[in-house]
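Visitor: Below is upload.tsv; it holds TSV, C-alpha atoms and all ligand atoms.
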```
chain	number	residue	atom	x	y	z
A	1	MET	CA	-23.27	-64.17	-229.75
A	2	ASN	CA	-24.49	-64.49	-226.17
A	3	ARG	CA	-27.65	-62.93	-224.78
A	4	HIS	CA	-25.87	-60.05	-223.09
A	5	ALA	CA	-24.03	-59.13	-226.31
A	6	PHE	CA	-27.36	-59.25	-228.13
A	7	LEU	CA	-29.04	-57.12	-225.47
A	8	ALA	CA	-26.12	-54.66	-225.65
A	9	GLY	CA	-26.64	-54.57	-229.42
A	10	LEU	CA	-30.34	-53.85	-228.89
A	11	HIS	CA	-29.49	-50.93	-226.60
A	12	ASP	CA	-27.30	-49.58	-229.44
A	13	VAL	CA	-29.83	-49.95	-232.24
A	14	VAL	CA	-33.10	-49.26	-230.35
A	15	ARG	CA	-31.59	-46.23	-228.58
A	16	PRO	CA	-34.28	-46.59	-225.92
A	17	ARG	CA	-35.42	-43.65	-223.85
A	18	THR	CA	-36.32	-46.05	-221.03
A	19	TYR	CA	-35.53	-49.65	-220.03
A	20	LEU	CA	-37.21	-52.19	-217.75
A	21	GLU	CA	-36.12	-55.67	-216.78
A	22	THR	CA	-37.65	-58.43	-214.69
A	23	GLY	CA	-34.93	-60.56	-213.11
A	24	VAL	CA	-31.91	-58.46	-212.12
A	25	GLN	CA	-29.81	-60.90	-210.09
A	26	ILE	CA	-26.25	-59.50	-209.99
A	27	GLY	CA	-26.87	-56.77	-212.57
A	28	GLN	CA	-25.18	-58.27	-215.62
A	29	SER	CA	-28.00	-57.24	-217.93
A	30	LEU	CA	-28.92	-54.06	-216.05
A	31	GLN	CA	-25.36	-52.74	-216.36
A	32	LEU	CA	-25.94	-52.38	-220.11
A	33	SER	CA	-28.51	-49.63	-219.65
A	34	ARG	CA	-27.61	-45.94	-219.76
A	35	VAL	CA	-31.16	-44.59	-219.66
A	36	PRO	CA	-33.79	-44.24	-216.92
A	37	SER	CA	-34.50	-47.82	-215.90
A	38	ILE	CA	-36.49	-50.08	-213.65
A	39	GLY	CA	-35.19	-53.43	-212.42
A	40	ILE	CA	-37.49	-55.84	-210.61
A	41	ASP	CA	-36.29	-58.84	-208.61
A	42	PRO	CA	-37.30	-60.11	-205.15
A	43	GLU	CA	-33.73	-61.27	-204.49
A	44	PHE	CA	-31.27	-59.12	-206.43
A	45	SER	CA	-27.73	-58.84	-205.15
A	46	ILE	CA	-25.93	-56.46	-207.46
A	47	THR	CA	-22.20	-56.82	-207.96
A	48	ARG	CA	-21.91	-54.90	-211.24
A	49	GLU	CA	-21.41	-51.17	-211.71
A	50	ILE	CA	-24.73	-49.67	-212.74
A	51	GLN	CA	-24.51	-46.52	-214.87
A	52	ALA	CA	-28.19	-45.73	-215.21
A	53	ASP	CA	-30.71	-43.85	-213.12
A	54	VAL	CA	-32.46	-46.97	-211.89
A	55	GLN	CA	-35.30	-47.88	-209.56
A	56	LEU	CA	-34.55	-51.29	-208.09
A	57	ALA	CA	-37.75	-52.91	-206.89
A	58	ARG	CA	-37.10	-55.75	-204.45
A	59	THR	CA	-40.32	-57.53	-205.20
A	60	SER	CA	-41.94	-59.92	-207.65
A	61	SER	CA	-42.93	-58.58	-211.04
A	62	ASP	CA	-46.57	-59.45	-210.31
A	63	GLU	CA	-46.55	-57.28	-207.20
A	64	PHE	CA	-44.67	-54.50	-208.98
A	65	PHE	CA	-47.07	-54.25	-211.90
A	66	ALA	CA	-50.09	-54.38	-209.57
A	67	ARG	CA	-48.99	-51.03	-208.11
A	68	LYS	CA	-51.01	-47.93	-208.92
A	69	ASP	CA	-48.38	-46.15	-211.01
A	70	PRO	CA	-45.60	-48.68	-211.56
A	71	LEU	CA	-43.61	-46.56	-214.01
A	72	ALA	CA	-43.62	-43.43	-211.83
A	73	HIS	CA	-39.81	-43.51	-211.74
A	74	LEU	CA	-39.49	-43.06	-215.48
A	75	PRO	CA	-39.64	-39.64	-217.17
A	76	ILE	CA	-42.26	-40.99	-219.58
A	77	PRO	CA	-44.83	-43.72	-218.86
A	78	VAL	CA	-43.45	-45.84	-221.67
A	79	VAL	CA	-40.95	-48.70	-221.84
A	80	ASP	CA	-38.94	-48.58	-225.07
A	81	LEU	CA	-36.83	-51.67	-224.35
A	82	SER	CA	-37.61	-54.49	-221.95
A	83	PHE	CA	-35.82	-57.70	-220.95
A	84	ILE	CA	-37.93	-60.47	-219.42
A	85	ASP	CA	-35.67	-62.68	-217.35
A	86	GLY	CA	-37.44	-63.19	-214.01
A	87	MET	CA	-39.14	-66.39	-212.88
A	88	HIS	CA	-38.45	-69.05	-215.50
A	89	LEU	CA	-41.95	-70.44	-215.72
A	90	ALA	CA	-44.07	-69.86	-218.80
A	91	GLU	CA	-47.01	-68.22	-217.05
A	92	TYR	CA	-44.77	-65.79	-215.15
A	93	ALA	CA	-42.86	-64.79	-218.29
A	94	LEU	CA	-46.10	-64.37	-220.23
A	95	ARG	CA	-47.62	-62.25	-217.45
A	96	ASP	CA	-44.46	-60.11	-217.44
A	97	PHE	CA	-44.87	-59.52	-221.16
A	98	LEU	CA	-48.57	-58.64	-220.85
A	99	ALA	CA	-47.83	-56.28	-217.95
A	100	VAL	CA	-44.99	-54.52	-219.80
A	101	GLU	CA	-47.05	-54.33	-222.97
A	102	ARG	CA	-49.48	-51.98	-221.21
A	103	PHE	CA	-46.66	-49.42	-221.20
A	104	THR	CA	-45.38	-49.77	-224.74
A	105	THR	CA	-45.69	-47.99	-228.05
A	106	PRO	CA	-45.73	-49.98	-231.31
A	107	ALA	CA	-42.01	-49.13	-231.58
A	108	SER	CA	-41.17	-50.74	-228.23
A	109	VAL	CA	-39.02	-53.85	-228.18
A	110	VAL	CA	-39.27	-56.77	-225.75
A	111	LEU	CA	-36.69	-59.54	-225.35
A	112	PHE	CA	-37.36	-62.81	-223.50
A	113	ASP	CA	-34.37	-64.73	-222.20
A	114	ASP	CA	-33.98	-68.53	-222.07
A	115	THR	CA	-36.52	-69.52	-224.69
A	116	LEU	CA	-34.38	-72.17	-226.40
A	117	PRO	CA	-33.54	-74.91	-223.88
A	118	LEU	CA	-30.74	-77.22	-224.96
A	119	ASN	CA	-32.37	-80.32	-223.55
A	120	VAL	CA	-35.50	-81.50	-221.79
A	121	PRO	CA	-34.19	-81.56	-218.19
A	122	MET	CA	-33.20	-77.90	-218.52
A	123	ALA	CA	-36.82	-77.08	-219.38
A	124	ASN	CA	-38.27	-78.74	-216.28
A	125	ARG	CA	-40.65	-76.53	-214.37
A	126	LYS	CA	-39.07	-77.78	-211.17
A	127	ARG	CA	-35.44	-76.76	-211.39
A	128	ALA	CA	-33.16	-79.77	-211.71
A	129	THR	CA	-30.14	-78.38	-213.60
A	130	THR	CA	-27.56	-75.64	-213.00
A	131	ALA	CA	-28.45	-73.86	-216.24
A	132	TRP	CA	-32.24	-73.60	-216.05
A	133	THR	CA	-34.54	-72.25	-218.75
A	134	GLY	CA	-37.73	-73.69	-217.29
A	135	ASP	CA	-40.58	-73.74	-219.79
A	136	VAL	CA	-40.35	-70.07	-220.84
A	137	TYR	CA	-40.30	-71.33	-224.44
A	138	LYS	CA	-44.07	-71.88	-224.04
A	139	ALA	CA	-44.64	-68.16	-223.45
A	140	ALA	CA	-43.12	-67.34	-226.85
A	141	ALA	CA	-45.19	-70.10	-228.44
A	142	ALA	CA	-48.35	-68.72	-226.79
A	143	LEU	CA	-47.73	-65.26	-228.21
A	144	ARG	CA	-47.08	-66.73	-231.66
A	145	GLU	CA	-50.36	-68.62	-231.53
A	146	LEU	CA	-52.67	-66.22	-229.70
A	147	ARG	CA	-51.20	-62.90	-230.88
A	148	PRO	CA	-50.50	-63.11	-234.61
A	149	ASP	CA	-50.36	-59.29	-234.62
A	150	LEU	CA	-46.97	-59.50	-232.87
A	151	VAL	CA	-43.64	-60.23	-234.50
A	152	VAL	CA	-42.10	-63.06	-232.42
A	153	LEU	CA	-38.59	-64.12	-233.46
A	154	ASP	CA	-36.50	-66.81	-231.78
A	155	ILE	CA	-32.91	-65.57	-231.77
A	156	ASP	CA	-29.99	-67.98	-231.97
A	157	THR	CA	-28.08	-66.56	-229.01
A	158	THR	CA	-25.88	-68.66	-226.76
A	159	VAL	CA	-26.37	-70.39	-224.45
A	160	THR	CA	-30.12	-70.82	-224.11
A	161	GLY	CA	-31.65	-68.54	-226.72
A	162	THR	CA	-33.75	-65.41	-226.64
A	163	THR	CA	-37.00	-64.34	-228.27
A	164	LEU	CA	-37.51	-60.86	-229.69
A	165	VAL	CA	-41.00	-59.37	-229.79
A	166	LEU	CA	-41.90	-56.37	-231.95
A	167	CYS	CA	-45.15	-54.45	-232.52
A	168	PRO	CA	-46.58	-54.62	-228.99
A	169	ASP	CA	-50.06	-53.21	-228.55
A	170	ALA	CA	-50.74	-51.31	-225.33
A	171	SER	CA	-54.44	-51.07	-226.17
A	172	ARG	CA	-54.79	-54.75	-225.23
A	173	ASP	CA	-54.40	-53.51	-221.65
A	174	GLY	CA	-52.73	-56.68	-220.41
A	175	VAL	CA	-55.49	-58.97	-221.63
A	176	LEU	CA	-54.70	-62.09	-223.66
A	177	ASP	CA	-57.76	-63.78	-225.14
A	178	GLY	CA	-57.42	-67.51	-224.60
A	179	TYR	CA	-55.10	-67.14	-221.60
A	180	ASP	CA	-57.11	-69.40	-219.27
A	181	ASP	CA	-57.25	-72.28	-221.77
A	182	TRP	CA	-53.60	-71.79	-222.58
A	183	LEU	CA	-52.67	-71.88	-218.89
A	184	GLU	CA	-54.54	-75.12	-218.38
A	185	SER	CA	-52.70	-76.79	-221.26
A	186	ALA	CA	-49.30	-75.21	-220.53
A	187	VAL	CA	-48.89	-76.09	-216.86
A	188	THR	CA	-48.06	-79.79	-217.03
A	189	PRO	CA	-45.93	-82.08	-214.88
A	190	ASP	CA	-42.27	-82.60	-215.79
A	191	PRO	CA	-40.76	-83.63	-218.11
A	192	GLN	CA	-41.94	-80.92	-220.48
A	193	PRO	CA	-42.79	-81.68	-224.12
A	194	VAL	CA	-40.11	-79.43	-225.62
A	195	PRO	CA	-40.70	-79.40	-229.39
A	196	GLN	CA	-37.86	-80.86	-231.44
A	197	GLN	CA	-37.63	-77.68	-233.52
A	198	ILE	CA	-36.81	-75.76	-230.33
A	199	LEU	CA	-34.12	-78.26	-229.31
A	200	ASN	CA	-32.72	-78.25	-232.86
A	201	ARG	CA	-33.11	-74.48	-233.26
A	202	THR	CA	-34.79	-75.05	-236.59
A	203	ASN	CA	-36.62	-71.72	-236.88
A	204	VAL	CA	-34.15	-69.33	-235.33
A	205	VAL	CA	-32.74	-66.09	-236.64
A	206	ASP	CA	-29.07	-65.17	-236.50
A	207	PRO	CA	-28.54	-62.40	-233.90
A	208	GLU	CA	-25.99	-60.55	-236.07
A	209	ARG	CA	-28.49	-60.45	-238.91
A	210	VAL	CA	-31.19	-59.06	-236.65
A	211	LEU	CA	-28.93	-56.33	-235.27
A	212	ALA	CA	-27.79	-55.43	-238.80
A	213	SER	CA	-31.38	-54.88	-239.98
A	214	ALA	CA	-32.20	-51.55	-241.62
A	215	GLY	CA	-35.38	-51.67	-239.54
A	216	TRP	CA	-33.82	-50.24	-236.39
A	217	SER	CA	-33.08	-46.77	-237.71
A	218	ARG	CA	-36.57	-46.64	-239.19
A	219	LEU	CA	-38.03	-47.78	-235.83
A	220	VAL	CA	-36.21	-44.96	-234.04
A	221	GLN	CA	-37.42	-42.49	-236.68
A	222	LEU	CA	-41.04	-43.70	-236.42
A	223	ARG	CA	-40.90	-43.56	-232.63
A	224	GLY	CA	-39.53	-40.01	-232.75
A	225	SER	CA	-42.26	-38.81	-235.09
A	226	GLY	CA	-44.95	-40.56	-233.04
A	227	SER	CA	-46.18	-42.30	-236.18
A	228	ALA	CA	-45.14	-45.89	-235.46
A	229	ASP	CA	-47.78	-48.53	-235.96
A	230	ALA	CA	-47.57	-52.29	-236.39
A	231	ALA	CA	-47.71	-52.08	-240.18
A	232	SER	CA	-44.88	-49.55	-240.43
A	233	ILE	CA	-42.68	-51.48	-237.98
A	234	ARG	CA	-43.28	-54.76	-239.84
A	235	ALA	CA	-42.47	-53.08	-243.15
A	236	ALA	CA	-39.28	-51.64	-241.67
A	237	PHE	CA	-38.03	-55.13	-240.83
A	238	SER	CA	-38.80	-56.72	-244.19
A	239	ASP	CA	-35.10	-57.58	-244.59
A	240	VAL	CA	-35.40	-59.93	-241.59
A	241	LEU	CA	-39.04	-60.97	-241.87
A	242	GLY	CA	-38.95	-61.63	-245.62
A	301	LIG	C1	-31.51	-65.51	-214.53
A	301	LIG	S1	-31.64	-64.40	-213.21
A	301	LIG	C2	-31.60	-62.82	-214.03
A	301	LIG	C3	-30.32	-62.54	-214.71
A	301	LIG	C4	-30.13	-61.13	-215.24
A	301	LIG	N1	-31.27	-60.69	-216.03
A	301	LIG	C5	-28.91	-61.09	-216.13
A	301	LIG	O1	-29.02	-61.33	-217.34
A	301	LIG	O2	-27.84	-60.84	-215.60
A	301	LIG	C6	-33.31	-64.55	-212.75
A	301	LIG	C7	-33.70	-63.65	-211.61
A	301	LIG	O3	-35.12	-63.61	-211.56
A	301	LIG	C8	-35.47	-63.35	-210.24
A	301	LIG	N2	-36.89	-63.68	-210.04
A	301	LIG	C9	-37.44	-64.85	-209.61
A	301	LIG	N3	-38.76	-64.73	-209.52
A	301	LIG	C10	-39.07	-63.47	-209.90
A	301	LIG	C11	-40.29	-62.74	-210.02
A	301	LIG	N4	-41.47	-63.31	-209.72
A	301	LIG	N5	-40.23	-61.45	-210.44
A	301	LIG	C12	-39.04	-60.88	-210.75
A	301	LIG	N6	-37.86	-61.52	-210.65
A	301	LIG	C13	-37.87	-62.80	-210.24
A	301	LIG	C14	-34.52	-64.22	-209.43
A	301	LIG	O4	-34.42	-63.73	-208.10
A	301	LIG	C15	-33.24	-64.12	-210.23
A	301	LIG	O5	-32.35	-63.17	-209.67
```
What's the structure tokens form of this structure?
Ligand SMILES: C[S@@+](CC[C@H](N)C(=O)[O-])C[C@H]1O[C@@H](n2cnc3c(N)ncnc32)[C@H](O)[C@@H]1O

Guide:
Amino acid sequence: MNRHAFLAGLHDVVRPRTYLETGVQIGQSLQLSRVPSIGIDPEFSITREIQADVQLARTSSDEFFARKDPLAHLPIPVVDLSFIDGMHLAEYALRDFLAVERFTTPASVVLFDDTLPLNVPMANRKRATTAWTGDVYKAAAALRELRPDLVVLDIDTTVTGTTLVLCPDASRDGVLDGYDDWLESAVTPDPQPVPQQILNRTNVVDPERVLASAGWSRLVQLRGSGSADAASIRAAFSDVLG
């Protein structure tokens, strides 16, 4: 299953009230949304038919989230489903997550694109290949290490993988303890030290299995009743998390 099919599946199962993506490009991912949406990209050039009420922000995600009321376009100040696919450098992707997280509930769902590079050149910070993941894989690793409260699942989507994050915590207010030390160790000259388990996809989850989880209907129910918390969301996905 490719990333767009997986994202389409997430739209089906999450039934989001709102959607936000960083990195719009020609609108291939944005065209999947049918709900009030925000798309952020300094250089989008949309060729796809968009069927959602969308604010297209022609700017960087950093500038967008620095605005006073960035989600003013949405009917509620909450992002239920988010796709992070902007600048393919770890610190940008991580900042996008932390910025979006400020506007989540525990039932919100965030998907990173391009977290499973197929080879080391593809993961270069300085783009050298047609298909480019950059070192976004490090953002997922940082969340796994520094935020054990999150559920962070690498998904075996083609071509270059995705990472699903559950149980976001808006009360963190965009702050990641340990960020400065992480940044210092993460920003290194090419080639990047892509772990073998990433290249081999050793710890990935099958996308069909994730979408088939009984957890999604429970997540929607918990979100509707306003009673979602990290423990209840984790419990809902026990069929995937074990
Ligand atoms: C891989 S493309 C996005 C593809 C799209 N999400 C899809 O699946 O069809 C990455 C996009 O990120 C945009 N981008 C680069 N830097 C960005 C930034 N700082 N903030 C937001 N978008 C950025 C680029 O202009 C490019 O269009």

Visitor: Would you compute, for all listed atoms of ligand LIG 301 (chain A), the axis-aligned bounding box grown by 4 Å on each side, and then report its centre and edge lengths in Å rounded to one decimal, as AutoDock Vina command-line options?

Guide:
```
--center_x -34.7 --center_y -63.1 --center_z -212.7 --size_x 21.6 --size_y 12.8 --size_z 17.2
```

Visitor: Neighbouring residues of ligand LIG 301 (chain A) are defined here as those with any atom at most 7 Å from a ligand atom, counting all atoms listed in the file; list them as an NGL selection string.

Guide: :A and (4 or 22-30 or 40-44 or 59-62 or 85-87 or 92)

Visitor: Figure out the distance between CA of Leu143 (chain A) and CA of Gly224 (chain A), please, to one decimal in Å.

Guide: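 Straight-line distance from CA of Gly224 (chain A) to CA of Leu143 (chain A) works out to 26.9 Å.
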
Visitor: Quick check, in Å to one decimal: how far apart do CA of Leu199 (chain A) and CA of Leu153 (chain A) lie?

Guide: 15.4 Å

Visitor: Show me as a ChimeraX atom specification the residues that reach within 12 Å of (-42.7, -50.3, -214.2), counting only C-alpha atoms and using the file's own coordinates.

Guide: /A:18-22,36-40,54-57,59-82,96-97,99-104

Visitor: List the spatial neighbours of Asp149 (chain A) as a tab-separated table (two decimals) with C-alpha atoms, in the coordinates of the input - criterion: any atom at most 9 Å away, only C-alpha atoms, same-chain residues fewer than 4 positions off excluded.

Guide:
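Saved result, part00.tsv, follows:
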```tsv
chain	number	residue	atom	x	y	z
A	144	ARG	CA	-47.08	-66.73	-231.66
A	167	CYS	CA	-45.15	-54.45	-232.52
A	168	PRO	CA	-46.58	-54.62	-228.99
A	169	ASP	CA	-50.06	-53.21	-228.55
A	230	ALA	CA	-47.57	-52.29	-236.39
```

Visitor: From the set A:Leu89, A:Leu10, A:Ala212, A:Val175, which residue has the shortest atom-to-atom contact distance to Asp239 (chain A), counting all atoms listed in the file?

Guide: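 Residue with the minimum atom-to-atom distance to Asp239 (chain A): A:Ala212.
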
Visitor: Would you work out the distance separating CA of Thr130 (chain A) from CA of Gln192 (chain A), expressed in Å to one decimal?

Guide: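 Between CA of Thr130 (chain A) and CA of Gln192 (chain A) the gap works out to 17.0 Å.
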
Visitor: Which residue is closest to Thr105 (chain A)? Choose from A:Ile50, A:Val194, A:Ala170, A:Leu222 and count only C-alpha atoms.

Guide: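 Closest to Thr105 (chain A) of all the choices is A:Ala170.
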
Visitor: From the set A:Ile155, A:Leu116, A:Ala235, A:Leu176, which residue has the shortest atom-to-atom contact distance to Pro195 (chain A), counting only C-alpha atoms?

Guide: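 Comparing A:Ile155, A:Leu116, A:Ala235, A:Leu176 against Pro195 (chain A), the winner is A:Leu116.
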
Visitor: Calculated over all atoms listed in the file, which of the candidates A:Val159, A:Val151, A:Val187, A:Leu241 has the smallest distance to Phe6 (chain A)?

Guide: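 So, comparing all the options, the nearest one is A:Val159.
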
Visitor: Pick from A:Thr115, A:Gln221, A:Ser185, A:Asn2: nearest to Ala93 (chain A), with all atoms listed in the file counted?

Guide: A:Thr115

Visitor: Which one of A:Pro121, A:Pro193, A:Gly226, A:Gly174 sits closest to Ser108 (chain A) if you count all atoms listed in the file?

Guide: A:Gly226

Visitor: Mind checking which residues fall within 8 Å of Leu219 (chain A), counting all atoms listed in the file, ignoring those fewer than 2 positions away in the same chain, and posting them as a list in words?

Guide: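 The contact residues come out as Val14, Ala107, Gly215, Trp216, Ser217, Gln221, Leu222, Arg223, Ala228, Ile233 and Ala236 of chain A.
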
Visitor: Within 10 Å of (-53.6, -71.6, -223.1) (file coordinates; only C-alpha atoms), which protein or nucleic acid residues are there? I'd like them as a list in words.

Guide: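 Selection result: Glu91, Lys138, Ala139, Ala142, Glu145, Leu146, Leu176, Asp177, Gly178, Tyr179, Asp180, Asp181, Trp182, Leu183, Glu184, Ser185, Ala186 and Val187 of chain A.
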
Visitor: Can you pull region 116-129 of chain A out of that block with N, CA, C and O atoms and hand it back as a PDB file, in the first residue's frame?

Guide:
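Final output, part.pdb:
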```
ATOM      1  N   LEU A 116      11.128   6.080   6.085  1.00  0.00           N
ATOM      2  CA  LEU A 116      11.862   4.823   5.886  1.00  0.00           C
ATOM      3  C   LEU A 116      12.635   4.887   4.568  1.00  0.00           C
ATOM      4  O   LEU A 116      12.222   4.287   3.558  1.00  0.00           O
ATOM      5  N   PRO A 117      13.767   5.604   4.568  1.00  0.00           N
ATOM      6  CA  PRO A 117      14.554   5.685   3.327  1.00  0.00           C
ATOM      7  C   PRO A 117      14.993   4.293   2.880  1.00  0.00           C
ATOM      8  O   PRO A 117      15.213   3.405   3.709  1.00  0.00           O
ATOM      9  N   LEU A 118      15.116   4.139   1.568  1.00  0.00           N
ATOM     10  CA  LEU A 118      15.493   2.829   1.022  1.00  0.00           C
ATOM     11  C   LEU A 118      16.994   2.636   1.000  1.00  0.00           C
ATOM     12  O   LEU A 118      17.486   1.517   0.895  1.00  0.00           O
ATOM     13  N   ASN A 119      17.709   3.746   1.050  1.00  0.00           N
ATOM     14  CA  ASN A 119      19.168   3.671   1.013  1.00  0.00           C
ATOM     15  C   ASN A 119      19.748   4.944   1.622  1.00  0.00           C
ATOM     16  O   ASN A 119      19.006   5.904   1.900  1.00  0.00           O
ATOM     17  N   VAL A 120      21.043   4.947   1.812  1.00  0.00           N
ATOM     18  CA  VAL A 120      21.684   6.074   2.494  1.00  0.00           C
ATOM     19  C   VAL A 120      21.680   7.352   1.649  1.00  0.00           C
ATOM     20  O   VAL A 120      21.358   8.435   2.181  1.00  0.00           O
ATOM     21  N   PRO A 121      21.979   7.298   0.363  1.00  0.00           N
ATOM     22  CA  PRO A 121      21.954   8.549  -0.421  1.00  0.00           C
ATOM     23  C   PRO A 121      20.609   9.266  -0.375  1.00  0.00           C
ATOM     24  O   PRO A 121      20.541  10.497  -0.322  1.00  0.00           O
ATOM     25  N   MET A 122      19.529   8.486  -0.353  1.00  0.00           N
ATOM     26  CA  MET A 122      18.186   9.064  -0.295  1.00  0.00           C
ATOM     27  C   MET A 122      17.963   9.858   0.999  1.00  0.00           C
ATOM     28  O   MET A 122      17.141  10.766   1.056  1.00  0.00           O
ATOM     29  N   ALA A 123      18.702   9.492   2.031  1.00  0.00           N
ATOM     30  CA  ALA A 123      18.541  10.135   3.350  1.00  0.00           C
ATOM     31  C   ALA A 123      19.497  11.305   3.550  1.00  0.00           C
ATOM     32  O   ALA A 123      19.527  11.908   4.633  1.00  0.00           O
ATOM     33  N   ASN A 124      20.264  11.641   2.516  1.00  0.00           N
ATOM     34  CA  ASN A 124      21.154  12.809   2.647  1.00  0.00           C
ATOM     35  C   ASN A 124      20.362  14.050   3.028  1.00  0.00           C
ATOM     36  O   ASN A 124      19.242  14.244   2.546  1.00  0.00           O
ATOM     37  N   ARG A 125      20.961  14.883   3.847  1.00  0.00           N
ATOM     38  CA  ARG A 125      20.319  16.158   4.158  1.00  0.00           C
ATOM     39  C   ARG A 125      20.371  17.099   2.953  1.00  0.00           C
ATOM     40  O   ARG A 125      19.459  17.885   2.735  1.00  0.00           O
ATOM     41  N   LYS A 126      21.443  17.003   2.196  1.00  0.00           N
ATOM     42  CA  LYS A 126      21.512  17.780   0.957  1.00  0.00           C
ATOM     43  C   LYS A 126      21.006  16.880  -0.166  1.00  0.00           C
ATOM     44  O   LYS A 126      21.591  15.830  -0.434  1.00  0.00           O
ATOM     45  N   ARG A 127      19.924  17.282  -0.773  1.00  0.00           N
ATOM     46  CA  ARG A 127      19.262  16.405  -1.751  1.00  0.00           C
ATOM     47  C   ARG A 127      20.201  16.006  -2.881  1.00  0.00           C
ATOM     48  O   ARG A 127      20.812  16.866  -3.519  1.00  0.00           O
ATOM     49  N   ALA A 128      20.284  14.688  -3.111  1.00  0.00           N
ATOM     50  CA  ALA A 128      21.174  14.178  -4.156  1.00  0.00           C
ATOM     51  C   ALA A 128      20.478  13.117  -5.005  1.00  0.00           C
ATOM     52  O   ALA A 128      21.094  12.549  -5.903  1.00  0.00           O
ATOM     53  N   THR A 129      19.203  12.835  -4.719  1.00  0.00           N
ATOM     54  CA  THR A 129      18.479  11.781  -5.432  1.00  0.00           C
ATOM     55  C   THR A 129      17.118  12.321  -5.874  1.00  0.00           C
ATOM     56  O   THR A 129      16.628  13.305  -5.306  1.00  0.00           O
TER      57      THR A 129
END
```
